[in-house]
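Participant: Data file model_7.cif (mmCIF, C-alpha atoms) is appended below.
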data_work
#
loop_
_atom_site.label_atom_id
_atom_site.label_comp_id
_atom_site.auth_asym_id
_atom_site.auth_seq_id
_atom_site.Cartn_x
_atom_site.Cartn_y
_atom_site.Cartn_z
CA MET F 48 46.88 -46.61 90.71
CA LYS F 49 47.14 -49.37 88.15
CA TYR F 50 45.40 -47.07 85.67
CA ILE F 51 47.92 -44.28 86.30
CA ILE F 52 50.89 -46.62 85.85
CA THR F 53 49.38 -47.97 82.63
CA LEU F 54 48.80 -44.44 81.36
CA LEU F 55 52.37 -43.45 82.17
CA LEU F 56 53.71 -46.49 80.33
CA ILE F 57 51.57 -45.76 77.27
CA CYS F 58 52.63 -42.12 77.24
CA SER F 59 56.29 -43.07 77.47
CA PHE F 60 55.99 -44.44 73.94
CA GLY F 61 55.36 -40.90 72.77
CA LEU F 62 58.86 -39.72 73.60
CA TYR F 63 60.97 -38.24 70.88
CA ALA F 64 64.51 -37.43 69.90
CA GLY F 65 66.06 -34.65 67.88
CA GLU F 66 66.07 -34.15 64.12
CA PRO F 67 67.84 -31.46 62.08
CA LYS F 68 65.73 -28.34 62.45
CA SER F 69 64.38 -26.96 59.23
CA LEU F 70 64.21 -23.22 58.69
CA THR F 71 60.67 -22.00 58.73
CA ILE F 72 58.37 -18.97 58.67
CA GLY F 73 60.05 -15.90 60.09
CA ASP F 74 63.62 -17.20 59.74
CA GLN F 75 66.16 -15.40 57.60
CA ALA F 76 66.84 -17.27 54.35
CA PRO F 77 70.56 -18.03 53.96
CA SER F 78 72.01 -16.56 50.81
CA PHE F 79 73.59 -18.77 48.17
CA SER F 80 74.67 -18.87 44.57
CA LEU F 81 74.11 -21.96 42.41
CA LYS F 82 74.27 -22.84 38.73
CA ASN F 83 71.29 -23.73 36.57
CA TYR F 84 71.59 -26.85 34.43
CA ASP F 85 72.51 -24.61 31.47
CA GLY F 86 75.46 -23.15 33.39
CA LYS F 87 73.84 -19.81 34.25
CA GLU F 88 74.55 -18.62 37.80
CA PHE F 89 71.65 -17.69 40.08
CA GLU F 90 72.14 -15.66 43.23
CA LEU F 91 69.38 -15.65 45.83
CA LYS F 92 70.01 -12.04 46.92
CA LYS F 93 69.50 -10.88 43.33
CA LEU F 94 66.33 -12.93 42.92
CA GLU F 95 64.93 -11.49 46.15
CA LYS F 96 65.53 -7.91 45.01
CA GLU F 97 64.10 -8.43 41.52
CA ASN F 98 60.88 -10.19 42.60
CA LYS F 99 58.02 -9.70 45.02
CA PHE F 100 58.57 -13.24 46.23
CA THR F 101 60.98 -16.06 45.43
CA VAL F 102 59.83 -19.67 45.73
CA LEU F 103 62.57 -22.22 46.30
CA MET F 104 61.42 -25.73 45.44
CA PHE F 105 63.59 -28.69 46.40
CA ILE F 106 62.74 -31.24 43.73
CA SER F 107 63.95 -34.49 42.19
CA THR F 108 64.05 -36.13 38.78
CA GLU F 109 63.39 -39.60 40.24
CA CYS F 110 61.10 -39.21 43.25
CA PRO F 111 57.53 -40.29 42.40
CA VAL F 112 56.08 -37.69 44.75
CA SER F 113 58.11 -34.85 43.28
CA ASN F 114 57.33 -36.05 39.76
CA GLY F 115 53.65 -36.15 40.70
CA TYR F 116 53.90 -32.37 41.11
CA ASN F 117 55.61 -31.58 37.77
CA GLU F 118 52.47 -30.31 36.04
CA ARG F 119 51.39 -28.42 39.13
CA MET F 120 54.80 -26.72 39.33
CA VAL F 121 54.56 -25.72 35.66
CA LYS F 122 51.10 -24.23 36.25
CA LEU F 123 52.14 -22.42 39.43
CA ASN F 124 55.03 -20.85 37.56
CA GLU F 125 52.73 -19.81 34.70
CA THR F 126 50.18 -18.34 37.11
CA TYR F 127 52.51 -16.42 39.35
CA ALA F 128 55.40 -15.35 37.08
CA SER F 129 53.37 -12.38 35.81
CA LYS F 130 52.56 -11.42 39.40
CA GLY F 131 56.18 -10.97 40.34
CA VAL F 132 56.88 -14.38 41.81
CA ALA F 133 60.03 -16.25 40.75
CA PHE F 134 60.02 -20.04 40.96
CA VAL F 135 63.38 -21.76 41.32
CA GLY F 136 63.91 -25.52 41.46
CA ILE F 137 66.84 -26.92 43.45
CA ASN F 138 68.08 -30.48 43.02
CA ALA F 139 70.22 -31.62 45.96
CA ASN F 140 70.07 -35.37 45.35
CA LYS F 141 73.59 -36.76 45.07
CA GLU F 142 72.66 -39.33 42.42
CA GLU F 143 71.00 -36.86 40.02
CA ASP F 144 73.53 -35.06 37.85
CA VAL F 145 73.24 -31.89 35.78
CA LYS F 146 72.71 -33.84 32.53
CA ARG F 147 69.77 -35.73 33.99
CA ILE F 148 68.32 -32.51 35.46
CA ALA F 149 68.53 -30.81 32.05
CA GLU F 150 66.79 -33.73 30.29
CA HIS F 151 64.10 -33.91 32.96
CA SER F 152 63.44 -30.15 32.95
CA LYS F 153 63.08 -30.05 29.17
CA ASP F 154 60.95 -33.19 29.10
CA LYS F 155 58.56 -31.85 31.75
CA GLY F 156 58.36 -28.38 30.20
CA PHE F 157 59.83 -26.51 33.17
CA LYS F 158 60.15 -22.81 32.35
CA PHE F 159 61.89 -22.13 35.66
CA PRO F 160 65.56 -22.81 36.43
CA VAL F 161 66.58 -25.98 38.25
CA LEU F 162 69.79 -25.38 40.14
CA LYS F 163 72.19 -28.16 41.06
CA ASP F 164 73.04 -28.13 44.75
CA LYS F 165 76.22 -30.17 44.65
CA GLN F 166 77.09 -31.68 48.04
CA ASN F 167 73.63 -30.57 49.27
CA LYS F 168 75.05 -27.49 50.98
CA VAL F 169 71.93 -25.37 50.38
CA ALA F 170 69.61 -28.21 51.45
CA ASP F 171 71.68 -28.43 54.66
CA MET F 172 71.52 -24.66 55.27
CA TYR F 173 67.73 -24.71 54.96
CA GLY F 174 67.27 -28.08 56.63
CA ALA F 175 65.29 -29.28 53.61
CA MET F 176 64.49 -32.96 54.05
CA VAL F 177 62.29 -34.09 51.17
CA THR F 178 61.25 -33.52 47.60
CA PRO F 179 59.10 -31.59 46.99
CA GLU F 180 59.62 -29.04 49.78
CA VAL F 181 59.14 -25.31 49.23
CA TYR F 182 60.22 -22.03 50.83
CA VAL F 183 58.71 -18.62 49.94
CA ILE F 184 61.09 -15.72 50.53
CA ASN F 185 60.30 -11.99 50.53
CA PRO F 186 62.57 -9.18 49.22
CA GLU F 187 64.06 -8.74 52.69
CA GLY F 188 65.21 -12.35 52.66
CA LYS F 189 62.68 -13.53 55.21
CA ILE F 190 60.94 -16.91 54.90
CA MET F 191 57.19 -16.27 54.57
CA TYR F 192 56.02 -19.84 53.94
CA HIS F 193 57.60 -23.26 54.24
CA GLY F 194 56.27 -26.73 53.60
CA ARG F 195 54.24 -28.58 51.02
CA ILE F 196 52.79 -27.42 47.71
CA ASP F 197 49.41 -28.88 48.61
CA ASP F 198 48.06 -31.70 50.74
CA ASN F 199 48.00 -34.65 48.35
CA ARG F 200 50.35 -36.12 45.77
CA LYS F 201 47.26 -37.11 43.78
CA LEU F 202 45.82 -34.02 42.13
CA ASP F 203 42.20 -35.22 42.31
CA LYS F 204 42.46 -35.58 46.09
CA VAL F 205 43.85 -32.16 46.90
CA THR F 206 41.79 -30.27 49.46
CA SER F 207 44.25 -27.61 50.54
CA ASN F 208 46.35 -25.57 48.10
CA ASP F 209 48.77 -24.37 50.73
CA LEU F 210 51.42 -22.78 48.50
CA SER F 211 49.08 -20.92 46.13
CA ASP F 212 46.83 -19.82 49.02
CA SER F 213 49.90 -18.47 50.82
CA LEU F 214 51.14 -16.67 47.70
CA ASP F 215 47.71 -15.10 47.15
CA LYS F 216 47.69 -13.82 50.71
CA LEU F 217 51.23 -12.53 50.53
CA LEU F 218 50.60 -10.77 47.21
CA ALA F 219 47.53 -9.15 48.76
CA GLY F 220 49.71 -7.85 51.57
CA LYS F 221 48.33 -10.23 54.16
CA ALA F 222 50.35 -12.38 56.50
CA VAL F 223 50.30 -16.16 56.17
CA THR F 224 48.50 -17.10 59.34
CA ALA F 225 48.32 -20.85 58.81
CA VAL F 226 50.86 -22.98 60.59
CA ASP F 227 53.33 -24.08 57.97
CA ALA F 228 52.06 -27.21 56.31
CA LYS F 229 54.66 -29.94 56.61
CA ALA F 230 56.22 -31.15 53.41
CA PHE F 231 56.06 -34.84 52.53
CA GLY F 232 57.91 -36.86 49.93
CA CYS F 233 61.14 -38.70 49.23
CA SER F 234 64.07 -37.99 51.49
CA ILE F 235 66.85 -35.96 49.88
CA LYS F 236 69.78 -38.26 49.15
CA ARG F 237 72.68 -36.46 50.74
CA ILE F 238 76.43 -36.92 50.40
CA GLY F 239 77.54 -39.64 52.80
CA SER F 240 74.05 -41.14 53.13
CA MET P 257 16.95 -83.39 67.89
CA ILE P 258 20.38 -84.53 66.66
CA THR P 259 18.99 -85.10 63.19
CA ARG P 260 17.57 -81.58 63.15
CA PHE P 261 20.89 -80.13 64.29
CA LEU P 262 22.83 -82.05 61.60
CA ALA P 263 20.31 -80.93 58.99
CA PHE P 264 20.80 -77.33 60.10
CA LEU P 265 24.58 -77.68 59.85
CA LEU P 266 24.29 -79.21 56.39
CA LEU P 267 21.98 -76.43 55.23
CA GLY P 268 24.28 -73.85 56.73
CA ALA P 269 27.29 -75.30 54.94
CA THR P 270 25.38 -75.37 51.66
CA LEU P 271 24.29 -71.75 52.00
CA GLY P 272 27.64 -70.63 53.29
CA ILE P 273 26.19 -69.57 56.64
CA GLY P 274 28.86 -68.95 59.24
CA GLN P 275 31.62 -69.02 56.65
CA ALA P 276 34.06 -66.23 57.48
CA LYS P 277 34.82 -63.85 54.66
CA LYS P 278 38.39 -64.47 53.59
CA SER P 279 40.41 -61.30 54.24
CA PRO P 280 42.93 -60.19 51.64
CA VAL P 281 46.50 -61.29 52.11
CA PRO P 282 48.71 -60.01 53.63
CA ASP P 283 46.74 -58.74 56.61
CA VAL P 284 46.85 -54.94 56.83
CA GLN P 285 44.98 -53.19 59.60
CA GLU P 286 44.01 -49.50 59.63
CA ILE P 287 45.39 -47.93 62.78
CA THR P 288 45.23 -44.67 64.75
CA PHE P 289 48.05 -43.42 66.96
CA PRO P 290 46.24 -44.26 70.22
CA GLU P 291 45.65 -47.79 68.93
CA LEU P 292 49.34 -48.12 68.09
CA GLN P 293 50.28 -46.87 71.56
CA VAL P 294 48.13 -49.55 73.17
CA MET P 295 49.66 -52.27 71.00
CA MET P 296 53.14 -51.04 71.83
CA HIS P 297 52.25 -51.03 75.51
CA ASN P 298 51.01 -54.60 75.22
CA ASP P 299 54.45 -55.56 73.90
CA SER P 300 56.40 -53.67 76.56
CA GLY P 301 59.27 -55.79 77.79
CA LYS P 302 60.50 -56.11 74.24
CA VAL P 303 62.40 -53.61 72.12
CA ILE P 304 59.87 -52.03 69.75
CA LEU P 305 60.65 -50.91 66.23
CA VAL P 306 58.08 -48.83 64.31
CA ASN P 307 58.81 -48.36 60.63
CA PHE P 308 56.85 -45.89 58.48
CA TRP P 309 56.95 -46.57 54.76
CA ALA P 310 54.99 -45.99 51.54
CA SER P 311 54.54 -47.93 48.34
CA TRP P 312 55.88 -44.99 46.30
CA CYS P 313 59.09 -44.84 48.36
CA LYS P 314 61.93 -46.80 46.74
CA PRO P 315 64.28 -46.97 49.76
CA CYS P 316 61.32 -48.08 51.91
CA LYS P 317 60.70 -51.03 49.61
CA GLU P 318 64.41 -51.84 49.49
CA GLU P 319 64.70 -52.10 53.28
CA MET P 320 61.50 -54.10 53.84
CA PRO P 321 63.14 -57.58 53.52
CA ALA P 322 65.66 -56.53 56.19
CA LEU P 323 62.79 -55.78 58.56
CA VAL P 324 61.21 -59.16 57.81
CA LYS P 325 64.54 -60.86 58.54
CA LEU P 326 64.96 -58.87 61.76
CA ARG P 327 61.48 -59.81 62.97
CA LYS P 328 62.18 -63.48 62.27
CA SER P 329 65.67 -63.63 63.76
CA MET P 330 64.90 -61.60 66.91
CA LYS P 331 61.28 -62.50 67.47
CA LYS P 332 61.73 -62.99 71.23
CA GLU P 333 63.49 -59.69 71.77
CA VAL P 334 61.88 -57.33 69.25
CA SER P 335 58.38 -56.35 68.11
CA VAL P 336 58.27 -54.90 64.62
CA PHE P 337 55.41 -52.63 63.57
CA ILE P 338 55.36 -51.86 59.86
CA VAL P 339 53.08 -48.87 59.22
CA SER P 340 52.18 -47.70 55.73
CA ALA P 341 51.71 -43.98 55.10
CA ASP P 342 49.85 -44.65 51.84
CA ASP P 343 46.31 -43.51 51.10
CA ALA P 344 43.70 -46.12 52.03
CA ASP P 345 42.69 -46.52 48.39
CA ASP P 346 46.22 -47.65 47.54
CA LEU P 347 45.96 -50.57 49.93
CA ASP P 348 44.87 -53.37 47.62
CA LYS P 349 46.79 -52.47 44.49
CA ASP P 350 50.03 -51.01 45.80
CA VAL P 351 50.53 -51.66 49.52
CA ARG P 352 49.68 -55.37 49.54
CA SER P 353 51.69 -55.91 46.37
CA VAL P 354 54.86 -54.52 47.99
CA LEU P 355 54.24 -56.45 51.22
CA ASN P 356 53.78 -59.67 49.26
CA LYS P 357 56.96 -59.15 47.27
CA SER P 358 58.88 -58.37 50.47
CA GLY P 359 57.68 -61.49 52.28
CA VAL P 360 55.59 -59.67 54.89
CA ASN P 361 53.30 -62.55 55.81
CA PHE P 362 52.35 -61.10 59.19
CA ARG P 363 49.96 -58.34 60.19
CA SER P 364 51.10 -54.85 59.28
CA PHE P 365 49.34 -51.50 59.46
CA ILE P 366 48.20 -48.49 57.45
CA VAL P 367 47.61 -45.09 59.00
CA LYS P 368 43.93 -44.33 59.42
CA GLY P 369 43.31 -40.85 58.08
CA THR P 370 46.04 -38.30 57.45
CA VAL P 371 49.65 -39.20 58.15
CA GLN P 372 50.93 -35.82 59.39
CA PRO P 373 48.77 -35.69 62.57
CA PHE P 374 49.74 -39.31 63.29
CA ILE P 375 53.45 -38.46 63.20
CA MET P 376 52.83 -35.23 65.11
CA ALA P 377 51.14 -37.23 67.86
CA MET P 378 54.01 -39.68 67.91
CA ASN P 379 56.62 -36.97 67.95
CA PRO P 380 55.32 -33.56 69.11
CA GLU P 381 58.63 -31.81 68.40
CA TRP P 382 58.86 -33.10 64.84
CA ASN P 383 59.77 -29.99 62.92
CA GLY P 384 60.88 -31.25 59.56
CA ALA P 385 59.16 -32.86 56.65
CA LEU P 386 57.62 -36.30 56.32
CA ALA P 387 60.63 -38.07 54.86
CA LEU P 388 60.30 -41.80 54.42
CA PRO P 389 61.38 -44.33 55.51
CA MET P 390 61.19 -43.14 59.11
CA THR P 391 61.96 -45.56 61.94
CA TYR P 392 61.48 -45.27 65.69
CA VAL P 393 63.19 -47.71 68.09
CA TYR P 394 62.04 -47.93 71.71
CA ARG P 395 63.76 -49.53 74.69
CA LYS P 396 62.14 -52.34 76.66
CA SER P 397 61.20 -49.73 79.25
CA GLY P 398 59.33 -47.75 76.60
CA GLY P 399 61.66 -44.77 76.17
CA LEU P 400 62.78 -43.75 72.70
CA SER P 401 66.24 -45.07 71.84
CA ASP P 402 66.60 -43.90 68.24
CA TRP P 403 64.69 -42.04 65.59
CA ILE P 404 66.05 -42.25 62.07
CA VAL P 405 65.13 -41.01 58.63
CA GLY P 406 66.44 -43.00 55.68
CA SER P 407 66.89 -46.68 54.93
CA ARG P 408 68.94 -49.30 56.75
CA ASP P 409 70.07 -52.83 55.89
CA TYR P 410 69.66 -55.83 58.23
CA GLU P 411 72.89 -55.08 60.09
CA GLY P 412 71.87 -51.44 60.47
CA PHE P 413 68.53 -52.40 62.03
CA LYS P 414 70.23 -55.00 64.22
CA ASP P 415 72.65 -52.36 65.52
CA LEU P 416 69.75 -50.04 66.39
CA VAL P 417 67.93 -52.81 68.21
CA THR P 418 71.05 -54.00 70.04
CA LYS P 419 71.68 -50.44 71.19
CA ALA P 420 68.10 -50.20 72.47
CA MET P 421 68.56 -53.47 74.36
CA THR P 422 71.70 -52.26 76.11
CA ASP P 423 70.62 -48.63 76.71
#
Please go through the file and, once you have read it, give me the structure as structure tokens.
Facilitator:
Amino acid sequence: MKYIITLLLICSFGLYAGEPKSLTIGDQAPSFSLKNYDGKEFELKKLEKENKFTVLMFISTECPVSNGYNERMVKLNETYASKGVAFVGINANKEEDVKRIAEHSKDKGFKFPVLKDKQNKVADMYGAMVTPEVYVINPEGKIMYHGRIDDNRKLDKVTSNDLSDSLDKLLAGKAVTAVDAKAFGCSIKRIGS
Amino acid sequence: MITRFLAFLLLGATLGIGQAKKSPVPDVQEITFPELQVMMHNDSGKVILVNFWASWCKPCKEEMPALVKLRKSMKKEVSVFIVSADDADDLDKDVRSVLNKSGVNFRSFIVKGTVQPFIMAMNPEWNGALALPMTYVYRKSGGLSDWIVGSRDYEGFKDLVTKAMTD
């Protein structure tokens, strides 16, 4: 009896509360239109139609985790652009303005657009929480992968290339069977936070 | 007999026998989720605050002194568990450095193994990303009172704890 009571008490520390639900595999990707740091407008619907897959990457100019992925993001874009995959960065952090995003993108050699999500409306629609956090969307506007780029912020410790493995499968016409790998990183600094 | 014993002690002291290896400061213990559950259970009767942080996380570092102050000012009412989500090989260089600078002169923890399964075990319905800092506050009875993502100052933590005490 004492054992059962103890077990119940221990288990009660595993209770949980709610958190904003993030969109994930199988959900419909909300459409949006945002401006790149150079002023050019990007519309998700158009990107979806023009590409086999569109990868939305919530990123930051300041977050050490996001910055740890800069070279990897450049390489992913180089590898998959010719295969019909469009990479799009989105910066929703309230403290990072368009000027800083432009400087950062040029400095890091990003060849993909980085859109400014003022007032984090797109981050809210998707329930994106951290940087980096990625969503892969098919031409029908369906989310095919959501989560991390890979499993370690340190390149030499990566054991699972979740995003590239998922893209390879999707490009080969296979479904992504893995449970979406949870993103990790710096929390997105939202308006009012 | 006594002479022999004293001689043994003297020899032991000279050779360093029995001298405990000095552990690095501050004390950081690797921990699994079941181990954390047991420790929390041992402290039941108090409000329990579990804070997940990482050395690369700026807001985590900024809020650390507030947690130290909270632990000191409400020691009788609250147990504070500070749990690092860093890699084990970052412990000496990065984790201890931040803890030292923040005045954490008590035992804290670092997740043993991968962080995601740890959080999943703690919160099976966790659907989002691992955004740090992440803080869980439990009532004296053990039920979860609050679960927050993002940093808080001392007053913010105190409000969370006070709410858990009156829930």
Participant: In Å to one decimal, how far is CA of Ser311 in chain P from CA of Ile287 in chain P?
Facilitator: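 Atom-to-atom, CA of Ile287 in chain P to CA of Ser311 in chain P, that is 17.1 Å.
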Participant: Could you tell me which residues the PyMOL selection byres ((chain P and resi 291) around 12) returns for this structure, as a list in words?
Facilitator: Ile57 and Phe60 of chain F; Gln285, Glu286, Ile287, Thr288, Phe289, Pro290, Leu292, Gln293, Val294, Met295, Met296, His297, Asn298, Phe365, Ile366, Val367, Lys368, Phe374, Ala377 and Met378 of chain P
Participant: Might you spell out which residues the PyMOL selection byres ((chain P and resi 309) around 12) would select in the displayed file, as a compact mmCIF listing (two decimals) with C-alpha atoms, in the coordinates of the input?
Facilitator:
# COMPACT_ATOMS: atom_id res chain seq x y z
CA PHE F 231 56.06 -34.84 52.53
CA GLY F 232 57.91 -36.86 49.93
CA CYS F 233 61.14 -38.70 49.23
CA SER F 234 64.07 -37.99 51.49
CA VAL P 306 58.08 -48.83 64.31
CA ASN P 307 58.81 -48.36 60.63
CA PHE P 308 56.85 -45.89 58.48
CA ALA P 310 54.99 -45.99 51.54
CA SER P 311 54.54 -47.93 48.34
CA TRP P 312 55.88 -44.99 46.30
CA CYS P 313 59.09 -44.84 48.36
CA LYS P 314 61.93 -46.80 46.74
CA PRO P 315 64.28 -46.97 49.76
CA CYS P 316 61.32 -48.08 51.91
CA LYS P 317 60.70 -51.03 49.61
CA GLU P 318 64.41 -51.84 49.49
CA GLU P 319 64.70 -52.10 53.28
CA MET P 320 61.50 -54.10 53.84
CA LEU P 323 62.79 -55.78 58.56
CA PHE P 337 55.41 -52.63 63.57
CA ILE P 338 55.36 -51.86 59.86
CA VAL P 339 53.08 -48.87 59.22
CA SER P 340 52.18 -47.70 55.73
CA ALA P 341 51.71 -43.98 55.10
CA ASP P 342 49.85 -44.65 51.84
CA ASP P 343 46.31 -43.51 51.10
CA VAL P 351 50.53 -51.66 49.52
CA VAL P 354 54.86 -54.52 47.99
CA LEU P 355 54.24 -56.45 51.22
CA SER P 364 51.10 -54.85 59.28
CA PHE P 365 49.34 -51.50 59.46
CA ILE P 366 48.20 -48.49 57.45
CA VAL P 367 47.61 -45.09 59.00
CA VAL P 371 49.65 -39.20 58.15
CA LEU P 386 57.62 -36.30 56.32
CA ALA P 387 60.63 -38.07 54.86
CA LEU P 388 60.30 -41.80 54.42
CA PRO P 389 61.38 -44.33 55.51
CA MET P 390 61.19 -43.14 59.11
CA THR P 391 61.96 -45.56 61.94
CA TYR P 392 61.48 -45.27 65.69
CA VAL P 405 65.13 -41.01 58.63
CA GLY P 406 66.44 -43.00 55.68
CA SER P 407 66.89 -46.68 54.93
Participant: So how many Å separate CA of Phe362 in chain P and CA of Ile304 in chain P, to one decimal?
Facilitator: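 Between CA of Phe362 in chain P and CA of Ile304 in chain P the gap is 15.8 Å.
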Participant: Could you pull the residues within 12 Å of range 154-156 of chain F, counting all atoms listed in the file, minus those fewer than 6 positions along the same chain, as a JSON list (two decimals) with C-alpha atoms, in the coordinates of the input?
Facilitator:
[["chain", "number", "residue", "atom", "x", "y", "z"],
["F", 108, "THR", "CA", 64.05, -36.13, 38.78],
["F", 113, "SER", "CA", 58.11, -34.85, 43.28],
["F", 114, "ASN", "CA", 57.33, -36.05, 39.76],
["F", 115, "GLY", "CA", 53.65, -36.15, 40.70],
["F", 116, "TYR", "CA", 53.90, -32.37, 41.11],
["F", 117, "ASN", "CA", 55.61, -31.58, 37.77],
["F", 118, "GLU", "CA", 52.47, -30.31, 36.04],
["F", 119, "ARG", "CA", 51.39, -28.42, 39.13],
["F", 120, "MET", "CA", 54.80, -26.72, 39.33],
["F", 121, "VAL", "CA", 54.56, -25.72, 35.66],
["F", 122, "LYS", "CA", 51.10, -24.23, 36.25],
["F", 124, "ASN", "CA", 55.03, -20.85, 37.56],
["F", 125, "GLU", "CA", 52.73, -19.81, 34.70],
["F", 147, "ARG", "CA", 69.77, -35.73, 33.99],
["F", 148, "ILE", "CA", 68.32, -32.51, 35.46]]
Participant: Point out the residue among P:Val324, P:Val360, P:Leu305, P:Leu400 with the least atom-to-atom distance to chain F, counting all atoms listed in the file.
Facilitator: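 Smallest separation from chain F among the options: P:Leu400.
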Participant: Which distance in Å separates CA of Asp299 in chain P and CA of Ser401 in chain P, to one decimal?
Facilitator: 15.9 Å
Participant: Looking at only C-alpha atoms, which of F:Lys99, F:Lys221, F:Arg195, F:Arg237 is the one that sits closest to Asn167 in chain F?
Facilitator: F:Arg237
Participant: Hey, which of F:Leu91, F:Val223, F:Val205, F:Val112 ends up closest to chain P? Count only C-alpha atoms.
Facilitator: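 Closest to chain P, using only C-alpha atoms: F:Val112.
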Participant: Find the smallest box with edges along x, y and z containing every listed atom of range 75-79 of chain F, then add 5 Å on each side and report centre and edge lengths in Å to one decimal, as lines of an AutoDock Vina configuration file.
Facilitator:
center_x = 69.9
center_y = -17.1
center_z = 52.9
size_x = 17.4
size_y = 13.4
size_z = 19.4
Participant: What residues come out when you apply the PyMOL selection byres ((chain F and resi 196) around 8) to this file, written as a list in words?
Facilitator: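 So the PyMOL selection byres ((chain F and resi 196) around 8), applied here, picks out Pro179, Glu180, Val181, Gly194, Arg195, Asp197, Asp198, Asn208, Asp209, Leu210, Ser211 and Ala230 of chain F.
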Participant: With distances taken over all atoms listed in the file, which of F:Lys96, F:Lys146, F:Lys236, F:Lys229 is nearest to chain P?
Facilitator: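 Looking only at the distances to chain P, the closest residue turns out to be F:Lys229.
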Participant: Identify which of the residues P:Leu416, P:Met330, P:Ala322, P:Ile375 lies closest to chain F, counting all atoms listed in the file when measuring atom-to-atom distances.
Facilitator: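 So, comparing all the options, the nearest one is P:Ile375.
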Participant: From the options P:Pro373, P:Ala385, P:Tyr394, P:Ile404, which residue's atoms come nearest to Val417 in chain P, counting all atoms listed in the file?
Facilitator: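 Ranked by minimum distance to Val417 in chain P, first place goes to P:Tyr394.
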Participant: Output as CSV one row per residue of range 116-175 of chain F within 12 Å of range 187-193 of chain F: the closest atom pair and its distance in Å to one decimal place, counting all atoms listed in the file, sorted by chain and residue number ascending.
Facilitator:
residue,atom,partner,partner_atom,distance
F:Tyr173,CA,F:His193,CA,10.3
F:Gly174,CA,F:His193,CA,11.1
F:Ala175,CA,F:His193,CA,9.8
Participant: Anything within 6 Å of (63.6, -39.5, 45.1): list those residues as a list in words, counting all atoms listed in the file and sticking to the file's coordinates.
Facilitator: Ser107, Glu109, Cys110 and Cys233 of chain F
Participant: Pull the neighbourhood of (75.9, -32.3, 44.1) for me: all residues within 9 Å in file coordinates, counting all atoms listed in the file, as a VMD selection string.
Facilitator: chain F and resid 138 to 145 163 to 168 237 to 238
Participant: Which polymer residues have any atom within 7 Å of an atom of Gly131 in chain F, counting all atoms listed in the file, with same-chain residues fewer than 2 positions away left out, as a ChimeraX atom specification?
Facilitator: /F:98-100,127-129,133
Participant: Could you add the missing atoms to range 323-336 of chain P, up to N, CA and C atoms, and return them as a PDB file, in the coordinates of the input?
Facilitator:
ATOM      1  N   LEU P 323      63.693 -55.824  57.407  1.00  0.00           N
ATOM      2  CA  LEU P 323      62.790 -55.780  58.560  1.00  0.00           C
ATOM      3  C   LEU P 323      62.139 -57.150  58.798  1.00  0.00           C
ATOM      4  N   VAL P 324      61.796 -57.811  57.703  1.00  0.00           N
ATOM      5  CA  VAL P 324      61.210 -59.160  57.810  1.00  0.00           C
ATOM      6  C   VAL P 324      62.215 -60.107  58.450  1.00  0.00           C
ATOM      7  N   LYS P 325      63.467 -59.995  57.997  1.00  0.00           N
ATOM      8  CA  LYS P 325      64.540 -60.860  58.540  1.00  0.00           C
ATOM      9  C   LYS P 325      64.765 -60.555  60.023  1.00  0.00           C
ATOM     10  N   LEU P 326      64.755 -59.276  60.360  1.00  0.00           N
ATOM     11  CA  LEU P 326      64.960 -58.870  61.760  1.00  0.00           C
ATOM     12  C   LEU P 326      63.861 -59.440  62.648  1.00  0.00           C
ATOM     13  N   ARG P 327      62.620 -59.313  62.192  1.00  0.00           N
ATOM     14  CA  ARG P 327      61.480 -59.810  62.970  1.00  0.00           C
ATOM     15  C   ARG P 327      61.610 -61.311  63.215  1.00  0.00           C
ATOM     16  N   LYS P 328      62.070 -62.024  62.169  1.00  0.00           N
ATOM     17  CA  LYS P 328      62.180 -63.480  62.270  1.00  0.00           C
ATOM     18  C   LYS P 328      63.340 -63.883  63.178  1.00  0.00           C
ATOM     19  N   SER P 329      64.469 -63.210  63.016  1.00  0.00           N
ATOM     20  CA  SER P 329      65.670 -63.630  63.760  1.00  0.00           C
ATOM     21  C   SER P 329      65.668 -63.166  65.212  1.00  0.00           C
ATOM     22  N   MET P 330      64.895 -62.114  65.526  1.00  0.00           N
ATOM     23  CA  MET P 330      64.900 -61.600  66.910  1.00  0.00           C
ATOM     24  C   MET P 330      63.484 -61.523  67.468  1.00  0.00           C
ATOM     25  N   LYS P 331      62.695 -62.506  67.114  1.00  0.00           N
ATOM     26  CA  LYS P 331      61.280 -62.500  67.470  1.00  0.00           C
ATOM     27  C   LYS P 331      61.045 -62.370  68.979  1.00  0.00           C
ATOM     28  N   LYS P 332      61.914 -63.009  69.762  1.00  0.00           N
ATOM     29  CA  LYS P 332      61.730 -62.990  71.230  1.00  0.00           C
ATOM     30  C   LYS P 332      62.082 -61.631  71.831  1.00  0.00           C
ATOM     31  N   GLU P 333      62.996 -60.945  71.192  1.00  0.00           N
ATOM     32  CA  GLU P 333      63.490 -59.690  71.770  1.00  0.00           C
ATOM     33  C   GLU P 333      62.841 -58.442  71.194  1.00  0.00           C
ATOM     34  N   VAL P 334      62.323 -58.544  69.959  1.00  0.00           N
ATOM     35  CA  VAL P 334      61.880 -57.330  69.250  1.00  0.00           C
ATOM     36  C   VAL P 334      60.466 -57.485  68.676  1.00  0.00           C
ATOM     37  N   SER P 335      59.667 -56.435  68.813  1.00  0.00           N
ATOM     38  CA  SER P 335      58.380 -56.350  68.110  1.00  0.00           C
ATOM     39  C   SER P 335      58.526 -55.356  66.971  1.00  0.00           C
ATOM     40  N   VAL P 336      58.143 -55.779  65.789  1.00  0.00           N
ATOM     41  CA  VAL P 336      58.270 -54.900  64.620  1.00  0.00           C
ATOM     42  C   VAL P 336      56.884 -54.484  64.143  1.00  0.00           C
TER      43      VAL P 336
END
